[in-house]
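File shown: query-v1.cif (mmCIF, C-alpha atoms).
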```cif
data_run
#
loop_
_atom_site.label_atom_id
_atom_site.label_comp_id
_atom_site.auth_asym_id
_atom_site.auth_seq_id
_atom_site.Cartn_x
_atom_site.Cartn_y
_atom_site.Cartn_z
CA MET A 224 2.98 -1.66 6.34
CA ILE A 225 1.25 -3.45 3.47
CA THR A 226 3.87 -5.43 1.60
CA ALA A 227 1.75 -5.76 -1.55
CA LEU A 228 1.39 -2.00 -1.77
CA THR A 229 5.12 -1.44 -1.31
CA VAL A 230 5.85 -3.96 -4.06
CA ALA A 231 3.23 -2.34 -6.30
CA VAL A 232 4.69 1.16 -5.86
CA GLY A 233 8.22 -0.10 -6.46
CA GLY A 234 7.19 -2.11 -9.53
CA CYS A 235 5.25 0.79 -11.05
CA ALA A 236 8.17 3.12 -10.34
CA LEU A 237 10.55 0.80 -12.20
CA ALA A 238 8.07 0.51 -15.08
CA LEU A 239 7.86 4.31 -15.25
CA ALA A 240 11.66 4.50 -15.22
CA ALA A 241 11.90 2.01 -18.09
CA TRP A 242 9.21 3.84 -20.06
CA CYS A 243 10.83 7.25 -19.67
CA GLY A 244 14.25 5.72 -20.25
CA PHE A 245 12.93 4.39 -23.55
CA ALA A 246 11.63 7.87 -24.44
CA ALA A 247 15.07 9.28 -23.69
CA TYR A 248 16.65 6.56 -25.82
CA ARG A 249 14.42 7.67 -28.69
CA ASP A 250 15.45 11.28 -28.07
CA GLN A 251 11.97 12.35 -26.96
CA PRO A 252 10.81 14.60 -24.12
CA THR A 253 8.15 13.46 -21.67
CA LYS A 254 4.71 13.51 -23.32
CA ASP A 255 1.21 13.70 -21.89
CA TRP A 256 1.04 9.92 -21.54
CA HIS A 257 4.19 9.97 -19.46
CA PHE A 258 2.65 12.53 -17.17
CA ILE A 259 -0.42 10.34 -16.76
CA GLY A 260 1.93 7.51 -15.82
CA MET A 261 3.66 9.76 -13.31
CA ALA A 262 0.27 10.70 -11.87
CA VAL A 263 -0.59 7.01 -11.38
CA VAL A 264 2.69 6.29 -9.61
CA SER A 265 2.34 9.45 -7.50
CA LEU A 266 -1.19 8.45 -6.55
CA LEU A 267 0.02 5.02 -5.41
CA ALA A 268 2.78 6.64 -3.37
CA LEU A 269 0.22 9.01 -1.86
CA VAL A 270 -2.03 6.08 -0.92
CA GLN A 271 1.01 4.51 0.70
CA LEU A 272 1.64 7.71 2.67
CA VAL A 273 -1.95 7.69 3.95
CA VAL A 274 -1.79 3.98 4.82
CA GLY A 275 1.50 4.51 6.62
CA VAL A 276 0.13 7.40 8.67
CA VAL A 277 -3.01 5.42 9.51
CA ARG A 278 -0.91 2.45 10.65
CA LEU A 279 1.18 4.79 12.81
CA ALA A 280 -1.96 6.36 14.26
CA GLY A 281 -3.20 2.84 15.01
CA GLY A 282 -0.23 2.27 17.30
CA ASP A 283 2.06 0.26 15.02
CA ARG A 284 5.71 1.28 15.05
CA PRO A 285 8.42 0.71 12.43
CA ASP A 286 11.40 -1.42 13.45
CA GLN A 287 14.10 1.16 12.73
CA GLY A 288 12.54 4.26 14.24
CA LEU A 289 9.69 6.64 13.57
CA PRO A 290 11.59 9.70 12.20
CA ILE A 291 13.47 7.66 9.58
CA PHE A 292 10.29 5.95 8.51
CA LEU A 293 8.42 9.25 8.18
CA ALA A 294 11.28 10.81 6.21
CA TYR A 295 11.28 7.96 3.70
CA LEU A 296 7.49 7.92 3.54
CA ILE A 297 7.29 11.62 2.69
CA GLY A 298 10.29 11.37 0.37
CA SER A 299 8.67 8.58 -1.63
CA ALA A 300 5.46 10.60 -1.96
CA VAL A 301 7.16 13.73 -3.37
CA CYS A 302 9.85 11.98 -5.44
CA VAL A 303 8.02 11.43 -8.73
CA PRO A 304 6.03 14.70 -8.67
CA ALA A 305 9.29 16.61 -8.19
CA ALA A 306 10.93 14.80 -11.11
CA GLY A 307 7.86 15.45 -13.27
CA PHE A 308 7.93 19.13 -12.37
CA MET A 309 11.57 19.34 -13.44
CA SER A 310 10.87 17.62 -16.75
CA LEU A 311 8.11 20.16 -17.47
CA SER A 312 10.66 22.89 -18.09
CA GLU A 313 13.18 20.60 -19.80
CA ARG A 314 11.55 19.70 -23.10
CA THR A 315 14.37 17.49 -24.33
CA ARG A 316 15.40 13.89 -23.83
CA TRP A 317 17.08 14.97 -20.61
CA GLY A 318 13.68 15.66 -19.09
CA SER A 319 12.85 12.00 -19.75
CA VAL A 320 16.15 10.91 -18.19
CA THR A 321 15.30 12.97 -15.10
CA VAL A 322 11.94 11.22 -14.66
CA ALA A 323 13.58 7.83 -15.28
CA ALA A 324 16.06 8.60 -12.51
CA GLY A 325 13.15 9.64 -10.28
CA GLY A 326 11.49 6.26 -10.88
CA VAL A 327 14.66 4.37 -9.93
CA ILE A 328 15.06 6.51 -6.81
CA LEU A 329 11.46 5.80 -5.78
CA ALA A 330 12.07 2.06 -6.21
CA VAL A 331 15.12 2.31 -3.95
CA LEU A 332 13.09 4.26 -1.39
CA GLU A 333 10.48 1.48 -1.41
CA VAL A 334 13.13 -1.15 -0.66
CA ARG A 335 14.37 0.98 2.22
CA LEU A 336 10.80 1.55 3.45
CA TYR A 337 10.28 -2.21 3.53
CA ASP A 338 13.46 -2.64 5.59
CA ILE A 339 12.62 0.20 7.96
CA TRP A 340 9.12 -1.09 8.66
CA GLY A 341 10.49 -4.57 9.18
CA GLY A 342 8.54 -6.55 6.61
CA MET B 91 -0.58 19.23 -18.64
CA PRO B 92 1.73 20.78 -21.21
CA ASP B 93 1.22 20.48 -24.89
CA SER B 94 4.29 18.41 -25.35
CA THR B 95 3.68 17.78 -29.04
CA THR B 96 5.07 21.21 -29.76
CA ALA B 97 8.13 20.55 -27.70
CA ALA B 98 11.32 21.25 -29.50
CA ARG B 99 13.60 18.34 -30.06
CA SER B 100 17.13 18.81 -29.09
CA ASP B 101 20.27 16.87 -28.57
CA GLY B 102 20.75 18.78 -25.35
CA GLU B 103 23.55 20.83 -26.80
CA ARG B 104 21.65 23.99 -27.62
CA GLY B 105 20.49 27.02 -25.72
CA ARG B 106 22.95 26.69 -22.93
CA THR B 107 25.41 29.40 -23.68
CA GLU B 108 24.82 32.90 -24.81
CA PRO B 109 26.43 33.45 -28.20
CA THR B 110 29.73 35.10 -27.48
CA ASP B 111 29.91 38.65 -28.72
CA PRO B 112 33.19 38.99 -30.65
CA THR B 113 33.22 42.71 -29.94
CA ASP B 114 33.14 42.15 -26.23
CA PRO B 115 36.47 43.70 -25.19
CA THR B 116 36.78 41.62 -22.05
CA GLY B 117 36.21 38.45 -24.02
CA ARG B 118 34.63 36.84 -20.98
CA THR B 119 31.24 35.30 -20.79
CA GLY B 120 31.17 35.98 -17.07
CA THR B 121 30.40 39.64 -17.68
CA LYS B 122 27.14 38.70 -19.40
CA PRO B 123 23.88 37.53 -17.95
CA GLY B 124 24.65 34.05 -16.72
CA PHE B 125 24.41 31.13 -19.07
CA SER B 126 22.39 28.21 -17.85
CA LEU B 127 23.96 25.20 -16.20
CA GLY B 128 20.70 23.49 -15.35
CA GLN B 129 19.46 22.79 -18.86
CA GLY B 130 19.98 19.66 -20.93
CA PRO B 131 22.17 17.11 -19.16
CA GLY B 132 22.52 19.64 -16.37
CA ARG B 133 18.85 19.08 -15.51
CA LEU B 134 19.60 15.50 -14.54
CA LEU B 135 22.49 16.73 -12.37
CA VAL B 136 20.26 19.29 -10.64
CA TRP B 137 17.77 16.52 -9.88
CA LEU B 138 20.36 14.07 -8.54
CA TYR B 139 22.15 16.74 -6.49
CA GLY B 140 18.80 17.88 -5.14
CA VAL B 141 17.93 14.34 -4.10
CA PHE B 142 21.31 13.86 -2.45
CA THR B 143 20.99 17.17 -0.63
CA VAL B 144 17.72 15.99 0.88
CA ALA B 145 19.10 12.50 1.56
CA ALA B 146 22.27 13.66 3.29
CA ALA B 147 20.58 16.49 5.18
CA SER B 148 17.70 14.41 6.49
CA ARG B 149 20.07 11.59 7.39
CA SER B 150 22.34 13.84 9.43
CA ILE B 151 19.45 15.72 11.07
CA VAL B 152 17.67 12.52 12.10
CA GLN B 153 20.86 10.96 13.42
CA MET B 154 21.93 14.06 15.32
CA ILE B 155 18.54 14.37 16.97
CA MET B 156 18.29 10.70 17.86
CA ASP B 157 21.75 10.03 19.24
CA PHE B 158 24.55 12.45 18.49
CA GLY B 159 26.99 10.82 20.87
CA ARG B 160 27.06 7.48 19.10
CA ALA B 161 29.08 8.59 16.08
CA PRO B 162 29.62 12.37 16.11
CA LEU B 163 32.28 12.28 13.38
CA ALA B 164 30.04 10.38 10.97
CA TYR B 165 27.08 12.67 11.61
CA VAL B 166 29.11 15.85 11.19
CA LEU B 167 30.54 14.50 7.93
CA SER B 168 27.02 13.78 6.70
CA ALA B 169 26.06 17.35 7.49
CA VAL B 170 29.12 18.66 5.62
CA ALA B 171 28.20 16.48 2.64
CA ALA B 172 24.68 17.91 2.72
CA ALA B 173 26.04 21.46 2.70
CA VAL B 174 28.32 20.72 -0.27
CA TYR B 175 25.48 19.09 -2.19
CA ALA B 176 23.17 22.01 -1.43
CA PHE B 177 25.71 24.54 -2.67
CA ILE B 178 26.35 22.64 -5.92
CA THR B 179 22.59 22.33 -6.53
CA TYR B 180 22.21 26.07 -6.00
CA SER B 181 25.14 26.84 -8.32
CA LEU B 182 23.75 24.63 -11.09
CA VAL B 183 20.39 26.38 -10.86
CA ARG B 184 21.95 29.85 -10.71
CA GLY B 185 24.13 29.47 -13.80
CA GLY B 186 26.80 31.79 -15.09
CA GLU B 187 30.56 31.73 -15.01
CA GLY B 188 30.94 32.48 -11.29
CA ALA B 189 28.57 29.69 -10.32
CA ARG B 190 30.28 27.37 -12.76
CA ARG B 191 33.67 27.91 -11.12
CA ALA B 192 32.27 27.67 -7.61
CA ALA B 193 30.53 24.42 -8.53
CA LEU B 194 33.75 23.06 -10.05
CA VAL B 195 35.63 23.74 -6.81
CA CYS B 196 32.87 22.14 -4.75
CA CYS B 197 32.74 19.09 -7.01
CA ALA B 198 36.49 18.64 -6.57
CA ALA B 199 36.02 18.98 -2.79
CA GLU B 200 33.16 16.50 -2.95
CA LEU B 201 35.24 13.98 -4.90
CA ALA B 202 38.11 14.41 -2.46
CA GLY B 203 35.68 13.97 0.42
CA VAL B 204 34.27 10.75 -1.02
CA LEU B 205 37.73 9.32 -1.65
CA VAL B 206 39.14 10.34 1.75
CA VAL B 207 36.12 9.24 3.77
CA GLY B 208 35.75 6.09 1.67
CA THR B 209 39.36 5.10 2.30
CA TRP B 210 39.10 6.16 5.94
CA THR B 211 36.10 3.91 6.57
CA LEU B 212 37.95 0.96 5.05
CA VAL B 213 41.24 1.56 6.88
CA ALA B 214 39.84 2.53 10.28
CA PRO B 215 36.24 1.28 10.58
CA SER B 216 36.34 1.89 14.34
CA ALA B 217 36.26 5.65 13.76
CA PHE B 218 32.80 5.25 12.20
CA PRO B 219 30.35 3.35 14.39
CA ASP B 220 27.63 4.51 12.03
CA ALA B 221 27.70 5.06 8.28
CA THR B 222 27.83 8.36 6.41
CA VAL B 223 26.76 9.12 2.86
CA TRP B 224 30.40 8.76 1.81
CA SER B 225 31.22 5.55 3.69
CA ASP B 226 32.81 2.82 1.54
CA TYR B 227 32.89 5.23 -1.42
CA GLY B 228 29.12 5.62 -1.25
CA MET B 229 28.39 1.91 -1.65
CA GLY B 230 25.12 2.23 0.28
CA TYR B 231 24.01 4.77 -2.32
CA LEU B 232 24.87 2.65 -5.38
CA PHE B 233 28.24 4.45 -5.69
CA ILE B 234 26.41 7.52 -6.97
CA PRO B 235 28.35 9.79 -4.54
CA VAL B 236 31.58 8.91 -6.37
CA ILE B 237 30.12 8.95 -9.90
CA LEU B 238 28.23 12.22 -9.47
CA PRO B 239 31.15 14.65 -8.95
CA VAL B 240 33.07 13.18 -11.91
CA THR B 241 30.02 13.53 -14.18
CA ALA B 242 29.35 17.03 -12.89
CA MET B 243 32.94 18.14 -13.49
CA ILE B 244 32.84 16.82 -17.08
CA TRP B 245 29.55 18.67 -17.60
CA LEU B 246 30.81 21.90 -16.04
CA ARG B 247 33.90 21.86 -18.26
CA ARG B 248 31.81 21.32 -21.37
CA ALA B 249 29.25 23.94 -20.39
CA LYS B 250 31.92 26.62 -20.62
CA ARG B 251 31.73 26.62 -24.40
#
```
How does this structure look as structure tokens?
Amino acid sequence: MITALTVAVGGCALALAAWCGFAAYRDQPTKDWHFIGMAVVSLLALVQLVVGVVRLAGGDRPDQGLPIFLAYLIGSAVCVPAAGFMSLSERTRWGSVTVAAGGVILAVLEVRLYDIWGG
Amino acid sequence: MPDSTTAARSDGERGRTEPTDPTDPTGRTGTKPGFSLGQGPGRLLVWLYGVFTVAAASRSIVQMIMDFGRAPLAYVLSAVAAAVYAFITYSLVRGGEGARRAALVCCAAELAGVLVVGTWTLVAPSAFPDATVWSDYGMGYLFIPVILPVTAMIWLRRAKR
């Protein structure tokens, strides 16, 4: 796929994780600014999903198989929105921890996506 | 976008259990509307178990579709792991004493599964031509499969209060 985009999504996901982890450390729930951050990361992941599908439609194939690639691509697009949704109804520090965990998971998914595509 | 400025602060210890009625002759919380297991620290557990349900299920489904014959034992074990994770996620969301006990049993089974499969993959690697979620004590998943059941069991024991 596009390596720069994968790195960008992973980096932003880690930044989001650190930010929300800090909020949890200060015993705060996720605030509006956190949700804007989640929206930015989600948007990047969504762009990645579109780019991935376009590349597939263009005839490129991932090294480790199409179904695995698609599963990780979709997973990385829904990861942060799902975590954000869960933190909406958990207005304590644990909502922030949940989003932080979501950010770390997205970063891991990006590493795997890079491997699966083959660079 | 929620108005998070009004959000109540909490140390995560409140609002989980119904106050026990001292006049309740049975003295059991299980007879009441279920207390929540998915609030506070439990929310993080719901999230992680949800993620692992998806991870294990999609892994086993993809592998079974692509080439079941290559490592049937590994793929079936991945499917079993997915089922256990799914049930624990459901129990955490459902709440109440019955769900708490069911989740405790499943967490113990999960821990046993991780330890047995982890040891098995180290002693007899030839039985597993392909990895499962629980291979090498979940090393490919940052050891979360072995940490998660222990954390969940601690949480489920504390949530009883």
Evaluate the PyMOL selection byres ((chain A) within 7 of (chain B)) and record the selected residues as a PyMOL selection string, following the chain and residue labels used in the document.
chain A and resi 251+254-255+290-291+313-315+317+320-321
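Checking B:Met154, B:Ala189, B:Leu238, B:Ala221 one by one against B:Gly208, counting all atoms listed in the file, you find the shortest gap at B:Ala221.
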Determine, counting all atoms listed in the file, which protein, DNA and RNA residues have an atom within 7 Å of an atom of stretch 235-241 of chain A; residues of the same chain fewer than 4 positions away are not included. Present the result as a VMD selection string.
chain A and resid 231 245 260 264 322 to 324 326 to 327 329 to 330
Written as a PyMOL selection string, which residues does the PyMOL selection byres ((chain B and resi 147) around 12) give for the file shown?
(chain A and resi 294) or (chain B and resi 139-146+148-154+165-176+222-223)
Expansion of the PyMOL selection byres ((chain A and resi 279) around 12) into residues, as a PyMOL selection string
chain A and resi 224+272-278+280-286+288-290+292-293+296+340
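Between atom CA of B:Trp210 and atom CA of B:Ser225 lies a distance of 8.2 Å.
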Taking 6 positions as the minimum chain separation for residues in the same chain, which residues sit within 10 Å of B:Thr209 when counting all atoms listed in the file? Answer as a PyMOL selection string.
chain B and resi 203+215+224-227
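Of the listed residues (A:Met261, A:Val270, A:Ile339, A:Leu332), A:Met261 comes nearest to A:Gly307; the distances count all atoms listed in the file.
Atom CA of A:Ser319 lies 22.1 Å from atom CA of A:Leu269.
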One-decimal distance in Å that lies between atom CA of B:Ser216 and atom CA of B:Asp157:
17.4 Å
Give me the residues within 10 Å of B:Arg191 as a ChimeraX atom specification, counting only C-alpha atoms and dropping any in the same chain fewer than 6 places off.
/B:181,197,246-247,250
Pick out the residues sitting within 9 Å of B:Arg190, and hand them over as an MDAnalysis selection string; count only C-alpha atoms, and ignore anything fewer than 2 positions along from it in its own chain.
chainID B and resid 127 181:182 184:188 192:195 246:247 249:250
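Shortest separation to B:Leu163 among B:Ile244, B:Val207, B:Leu212, B:Ile234 occurs at residue B:Val207, atoms counted being all atoms listed in the file.
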Radius query 10 Å about (37.1, 7.7, -7.5), atoms used: all atoms listed in the file, as number ranges by chain:
B: 201-202, 204-206, 208, 227, 233, 235-237, 239-240
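The residue that comes closest to A:Tyr295, out of A:Phe308, A:Leu266, A:Tyr248, A:Asp338 and on the basis of only C-alpha atoms, is A:Asp338.
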